[in-house]
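For reference, upload.cif is printed below; it contains mmCIF, C-alpha atoms and all ligand atoms.
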```cif
data_work
loop_
_atom_site.label_atom_id
_atom_site.label_comp_id
_atom_site.auth_asym_id
_atom_site.auth_seq_id
_atom_site.Cartn_x
_atom_site.Cartn_y
_atom_site.Cartn_z
CA MET A 1 1.40 8.61 -27.69
CA GLU A 2 1.59 5.57 -25.44
CA GLN A 3 2.42 2.44 -27.40
CA ARG A 4 -0.18 -0.29 -27.22
CA LYS A 5 1.14 -3.30 -25.32
CA GLU A 6 1.27 -6.67 -27.00
CA ALA A 7 -1.24 -9.37 -26.21
CA ILE A 8 0.32 -12.38 -24.52
CA ILE A 9 -2.92 -14.39 -24.49
CA CYS A 10 -5.88 -14.11 -26.88
CA LEU A 11 -9.03 -16.13 -26.52
CA GLU A 12 -11.14 -16.35 -29.65
CA GLY A 13 -14.64 -17.76 -29.47
CA LEU A 14 -13.58 -19.99 -26.61
CA GLY A 15 -16.15 -22.50 -25.40
CA LYS A 16 -16.15 -25.42 -23.01
CA GLN A 17 -18.90 -27.96 -22.48
CA PHE A 18 -18.82 -30.83 -20.02
CA GLN A 19 -20.83 -33.99 -20.63
CA THR A 20 -22.30 -35.16 -17.35
CA THR A 21 -24.83 -37.83 -16.39
CA ASN A 22 -27.36 -35.01 -16.13
CA GLY A 23 -26.63 -33.72 -19.62
CA THR A 24 -24.39 -31.08 -21.13
CA VAL A 25 -23.02 -28.28 -18.95
CA THR A 26 -21.85 -25.19 -20.81
CA ALA A 27 -19.14 -23.75 -18.61
CA LEU A 28 -17.82 -21.25 -21.18
CA ASP A 29 -19.57 -19.80 -24.21
CA ASP A 30 -17.95 -17.65 -26.90
CA ILE A 31 -15.31 -15.98 -24.78
CA ASN A 32 -13.24 -13.38 -26.61
CA LEU A 33 -10.58 -11.51 -24.71
CA GLU A 34 -7.01 -10.31 -24.71
CA ILE A 35 -4.47 -10.34 -21.90
CA LEU A 36 -1.79 -7.72 -22.49
CA GLN A 37 1.86 -8.16 -21.60
CA GLY A 38 2.93 -6.76 -18.25
CA GLU A 39 -0.53 -5.88 -16.97
CA ILE A 40 -2.67 -7.12 -14.12
CA PHE A 41 -6.04 -8.55 -15.18
CA GLY A 42 -8.75 -9.20 -12.63
CA ILE A 43 -11.49 -11.77 -13.25
CA ILE A 44 -14.51 -11.58 -10.99
CA GLY A 45 -17.78 -13.47 -10.96
CA LEU A 46 -20.01 -15.58 -8.77
CA SER A 47 -19.17 -19.15 -7.93
CA GLY A 48 -19.98 -21.31 -10.97
CA ALA A 49 -19.52 -18.41 -13.43
CA GLY A 50 -16.74 -20.28 -15.25
CA LYS A 51 -13.61 -18.56 -13.92
CA SER A 52 -11.63 -21.69 -13.03
CA THR A 53 -12.63 -23.42 -16.25
CA LEU A 54 -11.46 -20.34 -18.14
CA VAL A 55 -7.96 -20.46 -16.65
CA ARG A 56 -7.79 -24.23 -17.03
CA CYS A 57 -8.57 -23.77 -20.72
CA ILE A 58 -5.99 -20.99 -21.04
CA ASN A 59 -3.23 -23.38 -19.96
CA TYR A 60 -4.88 -26.37 -21.63
CA LEU A 61 -5.35 -28.39 -18.47
CA GLU A 62 -8.83 -28.56 -19.98
CA THR A 63 -9.20 -28.81 -23.73
CA PRO A 64 -11.71 -26.23 -25.00
CA THR A 65 -14.61 -27.62 -27.02
CA ALA A 66 -14.77 -24.50 -29.21
CA GLY A 67 -12.57 -21.61 -30.24
CA ARG A 68 -8.87 -20.95 -29.88
CA VAL A 69 -6.29 -20.05 -27.23
CA ILE A 70 -3.44 -18.05 -28.72
CA PHE A 71 -0.41 -17.83 -26.43
CA GLU A 72 2.39 -15.55 -27.63
CA GLY A 73 1.02 -15.75 -31.16
CA GLN A 74 0.84 -19.57 -31.18
CA ASN A 75 -2.43 -21.50 -31.37
CA LEU A 76 -2.35 -24.01 -28.51
CA SER A 77 -4.80 -26.37 -30.22
CA MET A 78 -2.33 -26.86 -33.07
CA MET A 79 0.49 -27.79 -30.69
CA LYS A 80 1.77 -31.25 -29.82
CA GLU A 81 1.53 -32.36 -26.18
CA ALA A 82 5.23 -31.59 -25.50
CA GLU A 83 4.84 -28.05 -26.88
CA ILE A 84 1.71 -27.50 -24.81
CA ARG A 85 3.63 -28.61 -21.72
CA LYS A 86 6.34 -26.08 -22.55
CA ALA A 87 3.78 -23.31 -23.04
CA ARG A 88 2.14 -24.32 -19.76
CA GLN A 89 5.48 -23.91 -17.99
CA SER A 90 5.45 -20.28 -19.16
CA MET A 91 2.20 -19.78 -17.26
CA GLY A 92 2.81 -20.06 -13.53
CA MET A 93 -0.19 -21.14 -11.46
CA ILE A 94 -1.04 -20.08 -7.92
CA PHE A 95 -3.99 -21.64 -6.10
CA GLN A 96 -5.90 -21.09 -2.85
CA GLN A 97 -3.86 -23.73 -1.08
CA PHE A 98 -0.19 -22.88 -0.82
CA ASN A 99 1.39 -26.08 -2.19
CA LEU A 100 4.52 -25.97 -0.04
CA LEU A 101 6.58 -28.94 1.10
CA ALA A 102 6.38 -29.19 4.89
CA GLN A 103 9.81 -30.86 5.26
CA ARG A 104 11.63 -28.13 3.39
CA ASN A 105 12.43 -24.65 4.58
CA VAL A 106 11.42 -21.50 2.73
CA LEU A 107 14.57 -21.25 0.63
CA GLN A 108 14.43 -24.95 -0.26
CA ASN A 109 10.77 -24.63 -1.20
CA VAL A 110 11.50 -21.80 -3.63
CA CYS A 111 14.48 -23.75 -5.07
CA PHE A 112 12.53 -27.00 -5.46
CA PRO A 113 10.80 -26.37 -8.85
CA MET A 114 14.04 -24.96 -10.24
CA GLU A 115 15.92 -28.08 -9.12
CA ILE A 116 13.39 -30.26 -10.94
CA ALA A 117 13.75 -28.10 -14.03
CA GLY A 118 17.52 -28.59 -13.90
CA VAL A 119 18.53 -25.04 -12.95
CA PRO A 120 22.08 -25.27 -11.46
CA LYS A 121 22.01 -25.16 -7.65
CA ALA A 122 23.96 -21.92 -7.25
CA GLU A 123 21.81 -20.13 -9.82
CA ALA A 124 18.63 -21.46 -8.17
CA LYS A 125 19.76 -20.23 -4.75
CA LYS A 126 20.64 -16.83 -6.15
CA ARG A 127 17.25 -16.44 -7.87
CA ALA A 128 15.41 -17.70 -4.78
CA ALA A 129 17.21 -15.28 -2.46
CA GLU A 130 16.50 -12.36 -4.78
CA LEU A 131 12.81 -13.25 -4.99
CA LEU A 132 12.42 -13.86 -1.28
CA LYS A 133 13.77 -10.36 -0.77
CA LEU A 134 11.27 -9.03 -3.28
CA VAL A 135 8.36 -10.72 -1.51
CA GLY A 136 9.64 -9.44 1.85
CA LEU A 137 10.70 -12.77 3.33
CA GLU A 138 14.48 -12.59 3.29
CA GLU A 139 14.49 -12.86 7.09
CA ARG A 140 12.49 -16.11 6.98
CA MET A 141 14.57 -18.18 4.54
CA LYS A 142 15.36 -20.84 7.13
CA ALA A 143 11.82 -21.08 8.51
CA TYR A 144 9.58 -24.06 7.78
CA PRO A 145 6.05 -23.65 6.36
CA ALA A 146 4.44 -24.55 9.71
CA GLN A 147 6.17 -21.52 11.24
CA LEU A 148 4.66 -19.08 8.75
CA SER A 149 1.35 -17.21 8.54
CA GLY A 150 -0.99 -17.95 5.62
CA GLY A 151 0.04 -14.75 3.85
CA GLN A 152 3.71 -15.62 4.24
CA LYS A 153 3.13 -19.14 2.91
CA GLN A 154 1.39 -17.79 -0.15
CA ARG A 155 4.24 -15.32 -0.72
CA VAL A 156 6.71 -18.24 -0.64
CA ALA A 157 4.54 -20.09 -3.17
CA ILE A 158 4.49 -16.99 -5.39
CA ALA A 159 8.29 -16.62 -5.14
CA GLY A 160 8.61 -20.29 -6.19
CA VAL A 161 6.45 -19.76 -9.25
CA VAL A 162 8.09 -16.49 -10.30
CA ALA A 163 11.55 -18.07 -9.87
CA MET A 164 10.70 -20.26 -12.86
CA GLU A 165 10.54 -17.03 -14.88
CA PRO A 166 7.06 -17.58 -16.36
CA LYS A 167 5.67 -15.19 -18.97
CA CYS A 168 2.53 -14.78 -16.90
CA ILE A 169 1.09 -15.99 -13.63
CA ILE A 170 -2.46 -17.16 -13.25
CA MET A 171 -3.80 -16.86 -9.72
CA ASP A 172 -7.00 -18.74 -8.92
CA GLU A 173 -8.36 -17.14 -5.73
CA PRO A 174 -4.90 -16.86 -4.12
CA THR A 175 -6.25 -15.04 -1.08
CA ALA A 176 -9.35 -17.15 -0.42
CA MET A 177 -7.80 -18.88 2.62
CA LEU A 178 -6.27 -15.75 4.13
CA ASP A 179 -7.28 -13.21 6.76
CA PRO A 180 -7.46 -9.51 5.76
CA ASN A 181 -3.80 -8.91 6.64
CA GLY A 182 -2.66 -11.92 4.66
CA ARG A 183 -4.77 -10.79 1.73
CA LYS A 184 -3.19 -7.37 1.79
CA GLU A 185 0.34 -8.85 1.99
CA VAL A 186 -0.28 -11.11 -0.99
CA LEU A 187 -1.89 -8.36 -3.06
CA ASN A 188 0.98 -5.95 -2.35
CA THR A 189 3.42 -8.67 -3.34
CA VAL A 190 1.62 -9.28 -6.63
CA HIS A 191 1.74 -5.57 -7.47
CA ARG A 192 5.41 -5.30 -6.52
CA LEU A 193 6.32 -8.27 -8.73
CA ASN A 194 4.31 -6.81 -11.57
CA ARG A 195 6.04 -3.42 -11.27
CA GLN A 196 9.56 -4.66 -10.70
CA LYS A 197 9.64 -7.77 -12.87
CA GLY A 198 6.95 -6.90 -15.41
CA VAL A 199 5.12 -10.19 -14.76
CA THR A 200 1.71 -10.39 -16.41
CA VAL A 201 -0.91 -11.41 -13.85
CA ILE A 202 -4.35 -12.95 -14.23
CA LEU A 203 -6.04 -12.71 -10.87
CA ILE A 204 -9.29 -14.52 -10.14
CA THR A 205 -10.94 -13.33 -6.98
CA HIS A 206 -14.31 -12.84 -5.40
CA TYR A 207 -13.05 -9.93 -3.30
CA MET A 208 -13.97 -6.84 -5.30
CA GLU A 209 -11.39 -4.73 -3.41
CA GLU A 210 -8.62 -6.84 -4.90
CA VAL A 211 -9.19 -5.68 -8.47
CA ILE A 212 -9.41 -1.95 -7.75
CA ASP A 213 -5.75 -1.55 -8.73
CA ALA A 214 -5.81 -4.00 -11.62
CA ASP A 215 -5.22 -2.57 -15.09
CA TYR A 216 -8.32 -4.22 -16.50
CA VAL A 217 -11.22 -6.27 -15.19
CA PHE A 218 -13.41 -8.99 -16.71
CA VAL A 219 -16.72 -9.83 -15.11
CA MET A 220 -18.02 -13.34 -15.76
CA ASP A 221 -21.52 -14.66 -15.42
CA ASP A 222 -22.90 -18.02 -16.49
CA GLY A 223 -20.02 -18.83 -18.82
CA HIS A 224 -19.88 -15.41 -20.48
CA VAL A 225 -17.74 -12.30 -20.09
CA VAL A 226 -20.54 -9.85 -19.38
CA MET A 227 -18.54 -6.73 -18.55
CA GLN A 228 -14.99 -5.62 -19.17
CA GLY A 229 -13.07 -2.42 -18.63
CA MET A 230 -10.90 -0.43 -16.25
CA PRO A 231 -11.83 -0.92 -12.60
CA ARG A 232 -13.34 2.55 -12.31
CA ASP A 233 -15.57 1.96 -15.32
CA ILE A 234 -16.67 -1.41 -13.98
CA PHE A 235 -17.36 -0.13 -10.46
CA SER A 236 -19.27 2.87 -11.83
CA GLN A 237 -21.97 0.39 -12.85
CA VAL A 238 -23.15 -0.64 -9.41
CA ASP A 239 -26.70 -1.51 -10.52
CA THR A 240 -25.45 -3.88 -13.21
CA LEU A 241 -23.02 -5.58 -10.83
CA LEU A 242 -25.77 -6.02 -8.26
CA GLU A 243 -27.96 -7.56 -10.97
CA TYR A 244 -25.25 -10.16 -11.52
CA GLY A 245 -25.32 -10.87 -7.79
CA LEU A 246 -21.93 -9.23 -7.28
CA ASP A 247 -20.99 -6.54 -4.84
CA VAL A 248 -18.66 -3.58 -5.24
CA PRO A 249 -15.82 -2.33 -3.01
CA GLN A 250 -17.21 -1.19 0.34
CA ILE A 251 -16.37 2.45 -0.19
CA THR A 252 -17.90 2.43 -3.70
CA ARG A 253 -21.04 0.95 -2.19
CA LEU A 254 -21.17 3.63 0.50
CA ALA A 255 -20.76 6.42 -2.08
CA TRP A 256 -23.46 4.81 -4.25
CA GLU A 257 -25.84 4.61 -1.28
CA LEU A 258 -25.20 8.27 -0.40
CA LYS A 259 -25.97 9.12 -4.03
CA GLN A 260 -29.24 7.16 -3.81
CA GLU A 261 -30.02 9.33 -0.77
CA GLY A 262 -29.64 12.43 -2.95
CA LEU A 263 -26.00 13.47 -2.52
CA PRO A 264 -24.74 14.37 -6.02
CA LEU A 265 -21.55 12.28 -5.85
CA PRO A 266 -19.71 11.03 -8.95
CA ASP A 267 -19.90 7.33 -9.89
CA GLY A 268 -16.99 4.97 -9.43
CA ILE A 269 -15.46 6.27 -6.20
CA LEU A 270 -12.83 3.68 -5.29
CA SER A 271 -11.11 4.92 -2.15
CA ARG A 272 -11.84 6.59 1.15
CA GLN A 273 -9.76 9.58 0.05
CA GLU A 274 -11.77 9.99 -3.16
CA LEU A 275 -14.98 9.91 -1.14
CA VAL A 276 -13.69 12.50 1.34
CA GLU A 277 -12.57 14.75 -1.51
CA ALA A 278 -15.90 14.40 -3.33
CA ILE A 279 -17.83 15.31 -0.16
CA CYS A 280 -15.52 18.28 0.54
CA GLN A 281 -16.14 19.53 -2.99
CA LEU A 282 -19.89 19.35 -2.39
CA LYS A 283 -19.46 21.33 0.82
CA SER A 284 -17.36 23.99 -0.88
CA LYS A 285 -20.08 24.40 -3.54
CA THR A 286 -22.82 25.05 -0.96
P1 LIG A 301 -16.06 -20.76 -11.02
O1 LIG A 301 -14.58 -20.99 -11.05
O2 LIG A 301 -16.44 -19.40 -11.53
O3 LIG A 301 -16.65 -21.05 -9.67
P2 LIG A 301 -16.20 -23.15 -12.63
O4 LIG A 301 -15.34 -22.88 -13.81
O5 LIG A 301 -15.62 -23.99 -11.54
O6 LIG A 301 -16.75 -21.78 -12.04
O7 LIG A 301 -17.54 -23.86 -13.12
C1 LIG A 301 -18.33 -23.37 -14.20
C2 LIG A 301 -19.44 -24.36 -14.51
O8 LIG A 301 -18.91 -25.57 -15.06
C3 LIG A 301 -20.23 -24.80 -13.26
O9 LIG A 301 -21.58 -24.99 -13.64
C4 LIG A 301 -19.59 -26.12 -12.89
O10 LIG A 301 -20.50 -26.94 -12.21
C5 LIG A 301 -19.24 -26.68 -14.26
N1 LIG A 301 -18.07 -27.58 -14.23
C6 LIG A 301 -16.80 -27.23 -13.94
N2 LIG A 301 -15.97 -28.29 -14.05
C7 LIG A 301 -16.76 -29.35 -14.41
C8 LIG A 301 -16.51 -30.74 -14.68
N3 LIG A 301 -15.28 -31.24 -14.61
N4 LIG A 301 -17.55 -31.50 -15.01
C9 LIG A 301 -18.81 -31.01 -15.12
N5 LIG A 301 -19.10 -29.71 -14.89
C10 LIG A 301 -18.11 -28.89 -14.54
#
```

Is it possible to give me this structure as structure tokens?
Ligand code: ADP
Amino acid sequence: MEQRKEAIICLEGLGKQFQTTNGTVTALDDINLEILQGEIFGIIGLSGAGKSTLVRCINYLETPTAGRVIFEGQNLSMMKEAEIRKARQSMGMIFQQFNLLAQRNVLQNVCFPMEIAGVPKAEAKKRAAELLKLVGLEERMKAYPAQLSGGQKQRVAIAGVVAMEPKCIIMDEPTAMLDPNGRKEVLNTVHRLNRQKGVTVILITHYMEEVIDADYVFVMDDGHVVMQGMPRDIFSQVDTLLEYGLDVPQITRLAWELKQEGLPLPDGILSRQELVEAICQLKSKT
């Protein structure tokens, strides 16, 4: 029997309210979830659903107004500021913008956070070179950010974060500024790092396609987690997702529309190949 993986992050009854001049805004309400070690978790939801607030509460950049964040068995709200900072360092963050230093080349950019953290130069260079190879940029070590595509820049940023050997990386719409090729590059890189280094990934995105290969998906709406499950289970519920104003992967949508037209296709088709196979099966039955 497969052993159940350990939870690296648990949220228990997590809530966050903001006091504004227009009154109280409830950004998160009674969130309960577990992030398991070594897996890729997708978080999807409309703009304003609470995704960014959720990750900012996970690493305590925002202090929750209710509930608990348990990181590796430790309750963050019971920690002193210095301990929280240490825990935060174990959670690498990747944002839409690439956060690279224009005056430094690729290798120097990846080394920079390690230098600040006091990692010896030789060790930092070794780790950086290994990671740049893993993200497919070993040929571009001497290039400067301005000479790179968006996807390449984001891969450098990811290498820099992973070089700090975090326990998990939290990615807040890492592909939002990229073209389709760049998005694919970054996604492939995330999966490669997860497979080869076992990094736990929390991936916030509004591109449904990007969570097809995640291990587990949370759907947020209006401060709540309203759906959770494996991608196929989530994308089998097209009507519910549409009710939340969300879409589904293009191919899932096409299969769903064909089904509405009367073709008896299964729910939750996630790839072109699955759709072709399902249609061939129908043909062979007739
Ligand atoms: P998402 O990342 O899904 O777009 P956010 O977490 O940014 O959603 O926002 C969730 C809700 O909380 C929104 O209604 C937003 O306006 C509100 N919110 C977020 N940050 C603040 C803040 N600092 N002050 C007041 N309201 C906020």

Quick one: contact table of chain A to ligand LIG 301 (chain A), 10 Å max, nearest atom pair and distance in Å to one decimal per residue, counting all atoms listed in the file, chain and number order, as a tab-separated table?
```
residue	atom	partner	partner_atom	distance
A:Lys16	CA	A:LIG301	O8	8.4
A:Gln17	CA	A:LIG301	N5	7.8
A:Phe18	CA	A:LIG301	C9	4.9
A:Gln19	CA	A:LIG301	C9	6.6
A:Thr20	CA	A:LIG301	C9	5.9
A:Thr21	CA	A:LIG301	C9	9.2
A:Asn22	CA	A:LIG301	C9	9.5
A:Gly23	CA	A:LIG301	C9	9.4
A:Thr24	CA	A:LIG301	C9	8.2
A:Val25	CA	A:LIG301	N5	5.8
A:Thr26	CA	A:LIG301	O8	6.5
A:Ala27	CA	A:LIG301	O8	4.0
A:Leu28	CA	A:LIG301	C1	7.3
A:Ile43	CA	A:LIG301	O2	9.3
A:Ile44	CA	A:LIG301	O2	8.1
A:Gly45	CA	A:LIG301	O2	6.1
A:Leu46	CA	A:LIG301	O2	5.9
A:Ser47	CA	A:LIG301	O3	3.6
A:Gly48	CA	A:LIG301	O6	3.4
A:Ala49	CA	A:LIG301	O2	3.8
A:Gly50	CA	A:LIG301	O4	3.3
A:Lys51	CA	A:LIG301	O2	3.8
A:Ser52	CA	A:LIG301	O1	3.6
A:Thr53	CA	A:LIG301	O4	3.7
A:Leu54	CA	A:LIG301	O4	6.3
A:Val55	CA	A:LIG301	O4	8.3
A:Arg56	CA	A:LIG301	O4	8.3
A:Cys57	CA	A:LIG301	O4	9.7
A:Glu62	CA	A:LIG301	N3	8.8
A:Asp172	CA	A:LIG301	O1	8.2
A:Glu173	CA	A:LIG301	O1	9.0
A:Ile204	CA	A:LIG301	O1	8.4
A:Thr205	CA	A:LIG301	O2	9.4
A:His206	CA	A:LIG301	O2	9.2
A:Met220	CA	A:LIG301	O2	7.6
A:Asp221	CA	A:LIG301	O2	8.0
A:Asp222	CA	A:LIG301	C1	7.4
A:Gly223	CA	A:LIG301	C1	6.7
```

Skip region 210-213 of chain A itself and residues of its chain fewer than 5 positions away, then list as a ChimeraX atom specification all residues within 12 Å of it, counting only C-alpha atoms. /A:39-45,173-176,180,183-188,190-192,194,201-205,218-219,229-236,248-252,268-271

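For the atom pair formed by CA of His224 (chain A) and CA of Asp30 (chain A), the distance is 7.1 Å, given to one decimal.
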
What's the 8 Å shell around Ala66 (chain A), counting all atoms listed in the file, without same-chain residues fewer than 2 positions away, as a PyMOL selection string? chain A and resi 13-16+30+64+68

re CA of Cys168 (chain A) and CA of Tyr207 (chain A): distance 21.2 Å

Go through A:Leu131, A:Leu100, A:Val199, A:Ala157 and flag the residue nearest Pro145 (chain A), using all atoms listed in the file for the distances. A:Leu100

note - CA of Val119 (chain A) and CA of Gln97 (chain A) are separated by 25.4 Å

Which one is closest to Phe95 (chain A): A:Ile169, A:Ala128, A:Ile70, A:Ala122? Count all atoms listed in the file. A:Ile169

Might you pull out every residue within 8 Å of Leu36 (chain A), with only C-alpha atoms counted and same-chain residues fewer than 6 positions away left off, and present them as a PyMOL selection string? chain A and resi 5-9+200

For Gly38 (chain A), which of A:Glu209, A:Glu277, A:Asp215, A:Glu138 is the closest residue, counting all atoms listed in the file? A:Asp215
